[in-house]
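Here is model26.csv, consisting of CSV, C-alpha atoms and all ligand atoms:
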chain,number,residue,atom,x,y,z
A,1,MET,CA,7.2,-25.8,7.3
A,2,ASN,CA,4.5,-26.3,4.7
A,3,SER,CA,4.8,-24.9,1.2
A,4,THR,CA,2.4,-21.9,1.9
A,5,LEU,CA,4.4,-20.8,4.9
A,6,GLN,CA,7.7,-21.3,3.1
A,7,LEU,CA,6.4,-19.1,0.2
A,8,ILE,CA,5.5,-16.4,2.7
A,9,GLN,CA,8.8,-16.7,4.5
A,10,GLU,CA,10.9,-16.5,1.3
A,11,ARG,CA,9.0,-13.6,-0.4
A,12,ARG,CA,10.8,-10.4,-1.0
A,13,SER,CA,9.9,-7.3,-3.0
A,14,THR,CA,10.9,-7.6,-6.7
A,15,ARG,CA,12.0,-4.4,-8.5
A,16,ARG,CA,13.8,-5.8,-11.5
A,17,TYR,CA,11.5,-7.6,-14.0
A,18,ASP,CA,11.8,-9.9,-16.9
A,19,PRO,CA,9.9,-8.0,-19.6
A,20,THR,CA,7.9,-11.1,-20.6
A,21,PRO,CA,4.2,-10.1,-20.2
A,22,LEU,CA,2.1,-12.1,-17.7
A,23,THR,CA,-0.1,-14.7,-19.5
A,24,PRO,CA,-3.9,-14.3,-19.4
A,25,ALA,CA,-4.0,-17.4,-17.2
A,26,GLU,CA,-1.6,-15.8,-14.7
A,27,LYS,CA,-3.5,-12.5,-14.5
A,28,ASP,CA,-6.7,-14.5,-14.1
A,29,ALA,CA,-5.3,-16.5,-11.2
A,30,ILE,CA,-4.0,-13.3,-9.5
A,31,LEU,CA,-7.3,-11.5,-9.9
A,32,CYS,CA,-9.4,-14.5,-8.8
A,33,ALA,CA,-7.3,-14.9,-5.7
A,34,ALA,CA,-7.6,-11.2,-4.8
A,35,MET,CA,-11.4,-11.4,-5.2
A,36,ARG,CA,-11.6,-14.4,-2.8
A,37,ALA,CA,-10.0,-12.4,0.0
A,38,PRO,CA,-12.1,-11.8,3.0
A,39,THR,CA,-14.3,-8.7,2.5
A,40,ALA,CA,-16.3,-6.6,5.1
A,41,GLY,CA,-19.9,-7.7,5.0
A,42,ALA,CA,-19.2,-9.5,1.6
A,43,GLN,CA,-19.5,-6.0,0.0
A,44,MET,CA,-16.2,-6.0,-1.9
A,45,LEU,CA,-15.6,-2.3,-1.1
A,46,TYR,CA,-12.8,-2.1,-3.6
A,47,SER,CA,-12.1,-1.9,-7.3
A,48,ILE,CA,-8.9,-3.0,-9.1
A,49,ILE,CA,-7.6,-1.2,-12.2
A,50,GLU,CA,-5.3,-3.2,-14.5
A,51,ILE,CA,-2.6,-0.9,-15.9
A,52,GLU,CA,-0.7,-2.1,-19.0
A,53,ASP,CA,-0.7,1.1,-21.0
A,54,GLN,CA,3.0,2.2,-21.2
A,55,LYS,CA,2.1,5.9,-21.2
A,56,LEU,CA,0.3,5.5,-17.9
A,57,LYS,CA,3.2,3.5,-16.4
A,58,ASP,CA,5.6,6.1,-17.5
A,59,LYS,CA,3.5,8.8,-15.9
A,60,LEU,CA,3.3,6.8,-12.7
A,61,VAL,CA,7.1,6.9,-12.5
A,62,ASP,CA,6.9,10.7,-12.0
A,63,THR,CA,3.7,10.9,-9.9
A,64,CYS,CA,5.0,8.2,-7.5
A,65,ASP,CA,8.2,9.8,-6.4
A,66,HIS,CA,10.3,9.2,-9.5
A,67,GLN,CA,10.7,5.4,-9.3
A,68,PRO,CA,11.8,4.3,-12.8
A,69,PHE,CA,11.3,0.6,-12.1
A,70,ILE,CA,7.5,1.1,-12.2
A,71,ALA,CA,7.7,1.6,-16.0
A,72,THR,CA,9.5,-1.7,-16.4
A,73,ALA,CA,6.9,-3.9,-14.6
A,74,PRO,CA,4.8,-5.8,-17.2
A,75,TYR,CA,1.7,-5.7,-15.1
A,76,LEU,CA,0.4,-3.2,-12.6
A,77,LEU,CA,-2.7,-3.3,-10.4
A,78,LEU,CA,-4.2,-0.2,-8.7
A,79,PHE,CA,-6.3,-1.2,-5.7
A,80,LEU,CA,-8.9,1.4,-4.9
A,81,ALA,CA,-11.0,1.7,-1.7
A,82,ASP,CA,-14.4,2.0,-3.4
A,83,TYR,CA,-17.7,3.1,-1.9
A,84,GLN,CA,-18.8,4.7,-5.2
A,85,ARG,CA,-20.2,1.4,-6.6
A,86,TRP,CA,-22.3,0.9,-3.5
A,87,MET,CA,-23.5,4.5,-3.5
A,88,ASP,CA,-24.5,4.2,-7.1
A,89,LEU,CA,-26.3,1.1,-6.3
A,90,PHE,CA,-28.0,2.7,-3.2
A,91,ASP,CA,-29.0,5.7,-5.4
A,92,ALA,CA,-30.3,3.4,-8.2
A,93,ALA,CA,-32.4,1.5,-5.7
A,94,GLY,CA,-34.0,4.6,-4.2
A,95,CYS,CA,-32.5,4.0,-0.8
A,96,GLU,CA,-32.3,7.6,0.4
A,97,SER,CA,-35.9,8.4,-0.3
A,98,ARG,CA,-37.1,5.2,1.3
A,99,ALA,CA,-34.9,6.0,4.3
A,100,VAL,CA,-36.6,9.4,4.6
A,101,GLU,CA,-40.1,7.7,4.4
A,102,LEU,CA,-39.0,5.4,7.3
A,103,GLY,CA,-37.7,8.4,9.4
A,104,ILE,CA,-34.1,7.2,8.9
A,105,GLN,CA,-31.5,10.0,8.4
A,106,PRO,CA,-29.9,9.3,4.9
A,107,ARG,CA,-26.2,9.7,4.9
A,108,ARG,CA,-23.2,9.6,2.5
A,109,PRO,CA,-20.1,7.4,3.3
A,110,GLY,CA,-18.1,8.7,6.3
A,111,GLU,CA,-14.6,8.2,7.6
A,112,GLY,CA,-15.4,4.8,9.0
A,113,ASP,CA,-16.8,3.6,5.7
A,114,MET,CA,-13.7,4.9,4.0
A,115,LEU,CA,-11.4,3.0,6.4
A,116,LEU,CA,-13.4,-0.2,6.0
A,117,ALA,CA,-13.1,0.1,2.2
A,118,MET,CA,-9.4,0.7,2.7
A,119,MET,CA,-9.1,-2.5,4.7
A,120,ASP,CA,-10.9,-4.4,2.0
A,121,ALA,CA,-8.7,-3.1,-0.7
A,122,LEU,CA,-5.5,-3.8,1.1
A,123,ILE,CA,-6.5,-7.3,2.1
A,124,ALA,CA,-7.3,-8.1,-1.6
A,125,ALA,CA,-4.0,-6.5,-2.6
A,126,GLN,CA,-1.9,-8.7,-0.3
A,127,THR,CA,-3.8,-11.8,-1.4
A,128,ALA,CA,-2.8,-10.9,-5.0
A,129,VAL,CA,0.8,-10.7,-3.9
A,130,ILE,CA,0.8,-14.1,-2.4
A,131,ALA,CA,-1.0,-15.6,-5.4
A,132,ALA,CA,1.5,-14.1,-7.7
A,133,GLU,CA,4.4,-15.3,-5.6
A,134,SER,CA,3.0,-18.9,-5.9
A,135,LEU,CA,3.2,-18.5,-9.7
A,136,GLY,CA,6.8,-17.3,-9.6
A,137,ILE,CA,5.8,-13.7,-10.2
A,138,GLY,CA,7.3,-11.1,-8.0
A,139,SER,CA,5.7,-7.9,-6.9
A,140,CYS,CA,6.4,-4.5,-5.2
A,141,TYR,CA,4.0,-2.1,-3.5
A,142,ILE,CA,4.2,1.5,-4.4
A,143,GLY,CA,3.0,3.5,-1.4
A,144,ASP,CA,3.6,6.7,-3.2
A,145,ILE,CA,0.3,6.2,-5.1
A,146,ILE,CA,-1.3,8.2,-2.3
A,147,GLU,CA,0.7,11.3,-3.3
A,148,ASN,CA,-0.5,13.6,-6.1
A,149,TRP,CA,-4.1,12.8,-5.5
A,150,GLU,CA,-5.4,15.3,-8.1
A,151,LEU,CA,-3.2,13.9,-10.8
A,152,HIS,CA,-4.1,10.3,-10.1
A,153,GLN,CA,-7.8,11.2,-9.8
A,154,GLU,CA,-7.6,12.6,-13.4
A,155,MET,CA,-5.3,9.8,-14.8
A,156,PHE,CA,-7.7,7.0,-13.7
A,157,ALA,CA,-11.0,9.0,-13.8
A,158,LEU,CA,-11.6,8.3,-10.1
A,159,PRO,CA,-15.0,9.3,-8.8
A,160,ARG,CA,-15.6,10.9,-5.4
A,161,TYR,CA,-16.0,7.8,-3.2
A,162,THR,CA,-12.9,6.1,-4.5
A,163,ILE,CA,-9.3,6.5,-3.2
A,164,PRO,CA,-6.1,4.7,-4.1
A,165,ALA,CA,-5.2,2.1,-1.4
A,166,ALA,CA,-2.2,0.5,-3.1
A,167,LEU,CA,-0.3,0.3,-6.4
A,168,LEU,CA,1.3,-3.1,-7.1
A,169,CYS,CA,3.9,-3.8,-9.7
A,170,PHE,CA,4.1,-7.5,-10.9
A,171,GLY,CA,6.6,-9.3,-13.1
A,172,ARG,CA,8.8,-12.4,-13.2
A,173,PRO,CA,12.1,-11.5,-11.3
A,174,ALA,CA,14.8,-10.6,-13.8
A,175,GLU,CA,17.4,-12.4,-11.7
A,176,PRO,CA,17.6,-14.7,-8.7
A,177,PRO,CA,17.3,-12.9,-5.3
A,178,GLN,CA,20.5,-11.0,-4.5
A,179,GLY,CA,21.9,-10.7,-0.9
A,180,LYS,CA,19.9,-11.2,2.3
A,181,GLN,CA,16.2,-10.6,2.8
A,182,VAL,CA,15.3,-7.3,4.4
A,183,SER,CA,15.4,-7.8,8.2
A,184,ARG,CA,12.4,-7.4,10.5
A,185,PHE,CA,12.3,-6.2,14.1
A,186,ASP,CA,12.4,-8.9,16.7
A,187,ARG,CA,8.9,-10.3,17.5
A,188,LYS,CA,9.1,-9.0,21.1
A,189,PHE,CA,8.9,-5.4,19.7
A,190,ILE,CA,5.9,-6.2,17.5
A,191,VAL,CA,3.7,-8.7,19.3
A,192,HIS,CA,2.1,-7.6,22.6
A,193,GLN,CA,0.3,-9.6,25.2
A,194,ASP,CA,-3.2,-8.4,26.0
A,195,THR,CA,-2.2,-4.7,26.2
A,196,TYR,CA,0.1,-2.3,24.3
A,197,ARG,CA,3.4,-1.5,26.0
A,198,ARG,CA,5.7,1.3,25.0
A,199,PHE,CA,9.5,0.7,25.0
A,200,THR,CA,12.3,2.3,26.9
A,201,THR,CA,15.1,4.0,25.0
A,202,GLU,CA,17.4,1.0,25.8
A,203,GLU,CA,14.8,-1.4,24.3
A,204,LEU,CA,14.3,0.8,21.2
A,205,ASN,CA,18.1,0.9,20.7
A,206,GLU,CA,18.1,-2.9,20.9
A,207,MET,CA,15.2,-3.1,18.4
A,208,PHE,CA,17.3,-1.4,15.8
A,209,LEU,CA,20.3,-3.8,16.1
A,210,PRO,CA,19.5,-5.9,13.1
A,211,PHE,CA,19.5,-2.8,11.0
A,212,GLY,CA,23.2,-2.2,11.2
A,213,GLY,CA,24.3,-1.2,14.7
A,214,TYR,CA,23.4,0.9,17.6
A,215,SER,CA,20.9,3.6,16.7
A,216,PHE,CA,22.4,6.4,18.7
A,217,ASP,CA,26.1,6.0,17.9
A,218,VAL,CA,27.4,9.3,16.6
A,219,HIS,CA,28.2,9.2,12.9
A,220,ASP,CA,28.2,11.9,10.2
A,221,PHE,CA,25.7,10.9,7.5
A,222,ALA,CA,25.6,12.7,4.1
A,223,ASN,CA,22.0,13.9,4.7
A,224,GLY,CA,23.0,15.7,7.9
A,225,GLY,CA,21.9,13.1,10.4
A,226,LYS,CA,24.2,12.5,13.3
A,227,ASN,CA,23.0,8.9,13.9
A,228,VAL,CA,21.1,6.3,11.9
A,229,ILE,CA,17.8,7.2,13.4
A,230,GLN,CA,18.3,10.9,12.5
A,231,ARG,CA,19.3,9.8,9.0
A,232,THR,CA,16.0,7.9,8.7
A,233,TYR,CA,14.0,10.8,10.1
A,234,ILE,CA,15.5,13.1,7.5
A,235,ARG,CA,15.3,10.6,4.6
A,236,LYS,CA,11.7,9.4,5.3
A,237,PHE,CA,9.8,11.5,7.7
A,238,SER,CA,10.7,15.0,6.7
A,239,ALA,CA,11.4,14.3,3.0
A,240,GLU,CA,9.6,16.1,0.2
A,241,PHE,CA,7.6,13.0,-0.7
A,242,SER,CA,6.3,12.6,2.8
A,243,VAL,CA,5.2,16.3,2.9
A,244,GLU,CA,3.4,15.8,-0.5
A,245,MET,CA,1.9,12.5,0.8
A,246,ASN,CA,0.3,14.2,3.7
A,247,ARG,CA,-0.9,17.2,1.6
A,248,SER,CA,-2.4,14.7,-1.0
A,249,VAL,CA,-4.2,12.6,1.7
A,250,ARG,CA,-5.7,15.8,3.3
A,251,SER,CA,-7.0,16.7,-0.2
A,252,MET,CA,-8.3,13.2,-0.8
A,253,LEU,CA,-10.2,13.2,2.6
A,254,LYS,CA,-11.7,16.6,1.9
A,255,ASN,CA,-12.9,15.5,-1.5
A,256,TRP,CA,-14.6,12.4,0.1
A,257,GLN,CA,-16.1,14.4,3.0
A,258,GLU,CA,-17.4,17.5,1.3
A,301,LIG,C1,2.6,0.1,2.0
A,301,LIG,C2,3.9,-0.2,1.3
A,301,LIG,C3,4.5,0.8,0.4
A,301,LIG,C4,5.7,0.5,-0.2
A,301,LIG,N1,6.1,1.5,-1.1
A,301,LIG,C5,7.2,1.2,-1.9
A,301,LIG,C6,7.7,2.1,-2.9
A,301,LIG,O1,7.0,3.1,-3.1
A,301,LIG,N2,8.8,1.8,-3.5
A,301,LIG,C7,9.5,0.6,-3.3
A,301,LIG,O2,10.5,0.4,-4.0
A,301,LIG,N3,9.1,-0.3,-2.4
A,301,LIG,C8,8.0,0.0,-1.7
A,301,LIG,N4,7.5,-0.9,-0.7
A,301,LIG,C9,8.3,-2.2,-0.5
A,301,LIG,C10,9.0,-2.1,0.8
A,301,LIG,O3,10.1,-1.2,0.6
A,301,LIG,C11,9.5,-3.5,1.2
A,301,LIG,O4,8.4,-4.3,1.5
A,301,LIG,C12,10.4,-3.5,2.5
A,301,LIG,O5,11.6,-2.8,2.2
A,301,LIG,C13,10.7,-4.9,3.0
A,301,LIG,O6,11.3,-5.6,2.0
A,301,LIG,P1,10.7,-7.0,1.5
A,301,LIG,O7,9.3,-6.8,0.9
A,301,LIG,O8,11.6,-7.5,0.4
A,301,LIG,O9,10.7,-7.9,2.6
A,301,LIG,C14,6.3,-0.7,0.0
A,301,LIG,C15,5.8,-1.6,0.8
A,301,LIG,C16,4.6,-1.4,1.5
A,301,LIG,C17,4.0,-2.5,2.3
Could I get this file's structure written as structure tokens?
Amino acid sequence: MNSTLQLIQERRSTRRYDPTPLTPAEKDAILCAAMRAPTAGAQMLYSIIEIEDQKLKDKLVDTCDHQPFIATAPYLLLFLADYQRWMDLFDAAGCESRAVELGIQPRRPGEGDMLLAMMDALIAAQTAVIAAESLGIGSCYIGDIIENWELHQEMFALPRYTIPAALLCFGRPAEPPQGKQVSRFDRKFIVHQDTYRRFTTEELNEMFLPFGGYSFDVHDFANGGKNVIQRTYIRKFSAEFSVEMNRSVRSMLKNWQE
């Protein structure tokens, strides 16, 4: 296995950080790598906000589902799907009035444009993760950044055609990796040949084996679930954070579309 593949295989999310700040050279390397990521039409439909202000980090702990480790990460990057910069450029260049003269219907960014910008932002984010890892700097995504849209919009002065794609915490690991890496489902449940195939109940049960036993075995979990899958449903799918996440994203989309 070459060193790049080894790095990818050995990566794990880091949530306990050495407080030493990242050096300017390390930040520069991470940002340069992110900006070399593939980008749709070479448009770079994303922006990156560096977050080092402790007050902002502390606030993110609360707005991102109360995760205290966020405040301890020396360096945070907020990746935004960003069509605002291009719309400002289009407006500055008089694109809409020229389109009208040419008989072309002018338009604002739609849902497809938004998803394309989201792809761009996430590809840049993951490139930053790998670059950091190569420098011995760990990272952790914070998906909860898509909750509390209105608060995040205000905290980071986000204009209309920008939306959070990912928040990343970076820092040198405070300790060597503990325990085993988090398991993945077997490849046969993830990689399909030519067409998608849905799985039988038996197969789904087998898929869950690496995660601690048969999924449908009856067991009383503290959150009320009667098997491990019910426990996951209650903990993840119907939890307060997930209700808020869906509310927040509806509000985000409305803001973009109106
Ligand atoms: C989109 C996304 C959102 C995530 N959000 C969080 C989060 O809010 N808090 C957290 O501690 N980890 C978060 N993670 C990290 C995952 O929990 C982690 O990647 C997963 O458990 C697998 O572990 P590994 O990265 O060590 O392999 C997120 C990861 C992704 C890709």
Shell around range 196-211 of chain A at 12 Å using all atoms listed in the file, local window under 2 positions removed, as a PDB file with C-alpha atoms, keeping the file's coordinate frame:
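This is the output file selection-v7.pdb:
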ATOM      1  CA  GLN A 181      16.200 -10.600   2.800  1.00  0.00           C
ATOM      2  CA  VAL A 182      15.300  -7.300   4.400  1.00  0.00           C
ATOM      3  CA  SER A 183      15.400  -7.800   8.200  1.00  0.00           C
ATOM      4  CA  ARG A 184      12.400  -7.400  10.500  1.00  0.00           C
ATOM      5  CA  PHE A 185      12.300  -6.200  14.100  1.00  0.00           C
ATOM      6  CA  ASP A 186      12.400  -8.900  16.700  1.00  0.00           C
ATOM      7  CA  ARG A 187       8.900 -10.300  17.500  1.00  0.00           C
ATOM      8  CA  LYS A 188       9.100  -9.000  21.100  1.00  0.00           C
ATOM      9  CA  PHE A 189       8.900  -5.400  19.700  1.00  0.00           C
ATOM     10  CA  ILE A 190       5.900  -6.200  17.500  1.00  0.00           C
ATOM     11  CA  VAL A 191       3.700  -8.700  19.300  1.00  0.00           C
ATOM     12  CA  HIS A 192       2.100  -7.600  22.600  1.00  0.00           C
ATOM     13  CA  GLN A 193       0.300  -9.600  25.200  1.00  0.00           C
ATOM     14  CA  ASP A 194      -3.200  -8.400  26.000  1.00  0.00           C
ATOM     15  CA  GLY A 213      24.300  -1.200  14.700  1.00  0.00           C
ATOM     16  CA  TYR A 214      23.400   0.900  17.600  1.00  0.00           C
ATOM     17  CA  SER A 215      20.900   3.600  16.700  1.00  0.00           C
ATOM     18  CA  PHE A 216      22.400   6.400  18.700  1.00  0.00           C
ATOM     19  CA  ASP A 217      26.100   6.000  17.900  1.00  0.00           C
ATOM     20  CA  ASN A 227      23.000   8.900  13.900  1.00  0.00           C
ATOM     21  CA  VAL A 228      21.100   6.300  11.900  1.00  0.00           C
ATOM     22  CA  ILE A 229      17.800   7.200  13.400  1.00  0.00           C
ATOM     23  CA  THR A 232      16.000   7.900   8.700  1.00  0.00           C
TER      24      THR A 232
END
What's the 12 Å shell around Ile70 in chain A, counting all atoms listed in the file, without same-chain residues fewer than 2 positions away, as number ranges by chain?
-> A: 14-17, 19, 51-52, 54-68, 72-77, 139-145, 167-171
Enter the distance from CA of Pro38 in chain A to atom O2 of ligand LIG 301 (chain A), in Å, rounded to one decimal.
-> 26.6 Å
With only C-alpha atoms as the basis for distance, which of A:Asn246, A:Pro177, A:Ile8, A:Leu122 is at the shortest distance from Ala37 in chain A?
->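 The shortest atom-to-atom distance to Ala37 in chain A comes from A:Leu122.
Using only C-alpha atoms, the shortest contact distance between Gln126 in chain A and any of A:Arg250, A:Glu111, A:Asp82, A:Ile30 is found at A:Ile30.
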Extract, using only C-alpha atoms, all DNA, RNA and protein residues at most 7 Å from range 253-256 of chain A, discarding same-chain residues fewer than 3 positions from it, and format them as a ChimeraX atom specification.
-> /A:160-161,249-250
Which is closest to Ile49 in chain A among A:Thr127, A:Thr162, A:Ser134, A:Ser13, if we use all atoms listed in the file?
-> A:Thr162
Around ligand LIG 301 (chain A), fit a box with edges along x, y and z, padding it by 3 Å on each side, then list its centre and edge lengths in Å to one decimal as JSON.
{"center_x": 7.1, "center_y": -2.4, "center_z": -0.5, "size_x": 15.0, "size_y": 17.0, "size_z": 13.0}
Point-to-point distance from CA of Leu151 in chain A to CA of Ser248 in chain A, Å rounded to tenths =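 Result for CA of Leu151 in chain A versus CA of Ser248 in chain A: 9.9 Å, one decimal.
With only C-alpha atoms and all ligand atoms as the atoms that count, the residue of A:Pro164, A:Gly212, A:Gly224, A:Gly94 with the shortest distance to ligand LIG 301 (chain A) is A:Pro164.
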For CA of Arg231 in chain A and atom C17 of ligand LIG 301 (chain A), determine how far apart the two atoms are, in Å to one decimal place.
-> 20.7 Å
From the set A:Arg247, A:Arg98, A:Ala34, A:Glu10, which residue has the shortest atom-to-atom contact distance to ligand LIG 301 (chain A), counting all atoms listed in the file?
->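 Answer, going by the shortest atom-to-atom distance: A:Glu10.
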A:Met118, A:Val129, A:Ala71, A:Ala93 ranked by distance to Met44 in chain A, top pick (using all atoms listed in the file) | A:Met118
Surrounding residues of Thr39 in chain A excluding itself and chain neighbours under 4 positions, 10 Å, all atoms listed in the file, as a ChimeraX atom specification = /A:35,43-46,116-117,119-121,123-124
Selection to disk with C-alpha atoms, as a PDB file, keeping the file's coordinate frame:
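Saved as out07.pdb:
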ATOM      1  CA  MET A  35     -11.400 -11.400  -5.200  1.00  0.00           C
ATOM      2  CA  GLN A  43     -19.500  -6.000   0.000  1.00  0.00           C
ATOM      3  CA  MET A  44     -16.200  -6.000  -1.900  1.00  0.00           C
ATOM      4  CA  LEU A  45     -15.600  -2.300  -1.100  1.00  0.00           C
ATOM      5  CA  TYR A  46     -12.800  -2.100  -3.600  1.00  0.00           C
ATOM      6  CA  LEU A 116     -13.400  -0.200   6.000  1.00  0.00           C
ATOM      7  CA  ALA A 117     -13.100   0.100   2.200  1.00  0.00           C
ATOM      8  CA  MET A 119      -9.100  -2.500   4.700  1.00  0.00           C
ATOM      9  CA  ASP A 120     -10.900  -4.400   2.000  1.00  0.00           C
ATOM     10  CA  ALA A 121      -8.700  -3.100  -0.700  1.00  0.00           C
ATOM     11  CA  ILE A 123      -6.500  -7.300   2.100  1.00  0.00           C
ATOM     12  CA  ALA A 124      -7.300  -8.100  -1.600  1.00  0.00           C
TER      13      ALA A 124
END
Within 7 Å of Arg172 in chain A, counting all atoms listed in the file, which residues show up once you throw out same-chain ones fewer than 2 positions away? Write them as a PDB file with C-alpha atoms, keeping the file's coordinate frame, please.
ATOM      1  CA  TYR A  17      11.500  -7.600 -14.000  1.00  0.00           C
ATOM      2  CA  ASP A  18      11.800  -9.900 -16.900  1.00  0.00           C
ATOM      3  CA  GLY A 136       6.800 -17.300  -9.600  1.00  0.00           C
ATOM      4  CA  ILE A 137       5.800 -13.700 -10.200  1.00  0.00           C
ATOM      5  CA  GLY A 138       7.300 -11.100  -8.000  1.00  0.00           C
ATOM      6  CA  ALA A 174      14.800 -10.600 -13.800  1.00  0.00           C
TER       7      ALA A 174
END
Supply range 103-116 of chain A as a JSON list (two decimals), in the coordinates of the input, with N, CA, C and O atoms built in where the input has gaps.
[["chain", "number", "residue", "atom", "x", "y", "z"],
["A", 103, "GLY", "N", -38.20, 7.52, 8.27],
["A", 103, "GLY", "CA", -37.70, 8.40, 9.40],
["A", 103, "GLY", "C", -36.24, 8.10, 9.69],
["A", 103, "GLY", "O", -35.76, 8.43, 10.76],
["A", 104, "ILE", "N", -35.51, 7.47, 8.75],
["A", 104, "ILE", "CA", -34.10, 7.20, 8.90],
["A", 104, "ILE", "C", -33.32, 8.35, 8.25],
["A", 104, "ILE", "O", -33.65, 8.73, 7.12],
["A", 105, "GLN", "N", -32.34, 8.91, 8.94],
["A", 105, "GLN", "CA", -31.50, 10.00, 8.40],
["A", 105, "GLN", "C", -30.63, 9.44, 7.26],
["A", 105, "GLN", "O", -29.76, 8.60, 7.54],
["A", 106, "PRO", "N", -30.83, 9.86, 5.98],
["A", 106, "PRO", "CA", -29.90, 9.30, 4.90],
["A", 106, "PRO", "C", -28.52, 9.92, 5.14],
["A", 106, "PRO", "O", -28.36, 10.98, 5.73],
["A", 107, "ARG", "N", -27.53, 9.23, 4.70],
["A", 107, "ARG", "CA", -26.20, 9.70, 4.90],
["A", 107, "ARG", "C", -25.29, 9.30, 3.69],
["A", 107, "ARG", "O", -25.64, 8.39, 2.94],
["A", 108, "ARG", "N", -24.17, 9.97, 3.54],
["A", 108, "ARG", "CA", -23.20, 9.60, 2.50],
["A", 108, "ARG", "C", -22.06, 8.84, 3.27],
["A", 108, "ARG", "O", -22.01, 8.85, 4.51],
["A", 109, "PRO", "N", -21.14, 8.19, 2.56],
["A", 109, "PRO", "CA", -20.10, 7.40, 3.30],
["A", 109, "PRO", "C", -19.20, 8.33, 4.11],
["A", 109, "PRO", "O", -18.78, 9.40, 3.65],
["A", 110, "GLY", "N", -18.97, 7.91, 5.33],
["A", 110, "GLY", "CA", -18.10, 8.70, 6.30],
["A", 110, "GLY", "C", -16.74, 8.13, 6.36],
["A", 110, "GLY", "O", -16.33, 7.26, 5.58],
["A", 111, "GLU", "N", -16.04, 8.62, 7.39],
["A", 111, "GLU", "CA", -14.60, 8.20, 7.60],
["A", 111, "GLU", "C", -14.51, 6.73, 7.88],
["A", 111, "GLU", "O", -13.57, 6.06, 7.45],
["A", 112, "GLY", "N", -15.46, 6.21, 8.68],
["A", 112, "GLY", "CA", -15.40, 4.80, 9.00],
["A", 112, "GLY", "C", -15.63, 3.93, 7.78],
["A", 112, "GLY", "O", -14.94, 2.93, 7.58],
["A", 113, "ASP", "N", -16.58, 4.35, 6.93],
["A", 113, "ASP", "CA", -16.80, 3.60, 5.70],
["A", 113, "ASP", "C", -15.57, 3.60, 4.83],
["A", 113, "ASP", "O", -15.23, 2.60, 4.19],
["A", 114, "MET", "N", -14.91, 4.75, 4.83],
["A", 114, "MET", "CA", -13.70, 4.90, 4.00],
["A", 114, "MET", "C", -12.60, 3.92, 4.52],
["A", 114, "MET", "O", -11.96, 3.21, 3.73],
["A", 115, "LEU", "N", -12.43, 3.89, 5.85],
["A", 115, "LEU", "CA", -11.40, 3.00, 6.40],
["A", 115, "LEU", "C", -11.72, 1.52, 6.17],
["A", 115, "LEU", "O", -10.84, 0.71, 5.89],
["A", 116, "LEU", "N", -12.99, 1.20, 6.26],
["A", 116, "LEU", "CA", -13.40, -0.20, 6.00],
["A", 116, "LEU", "C", -13.10, -0.58, 4.57],
["A", 116, "LEU", "O", -12.59, -1.67, 4.30]]
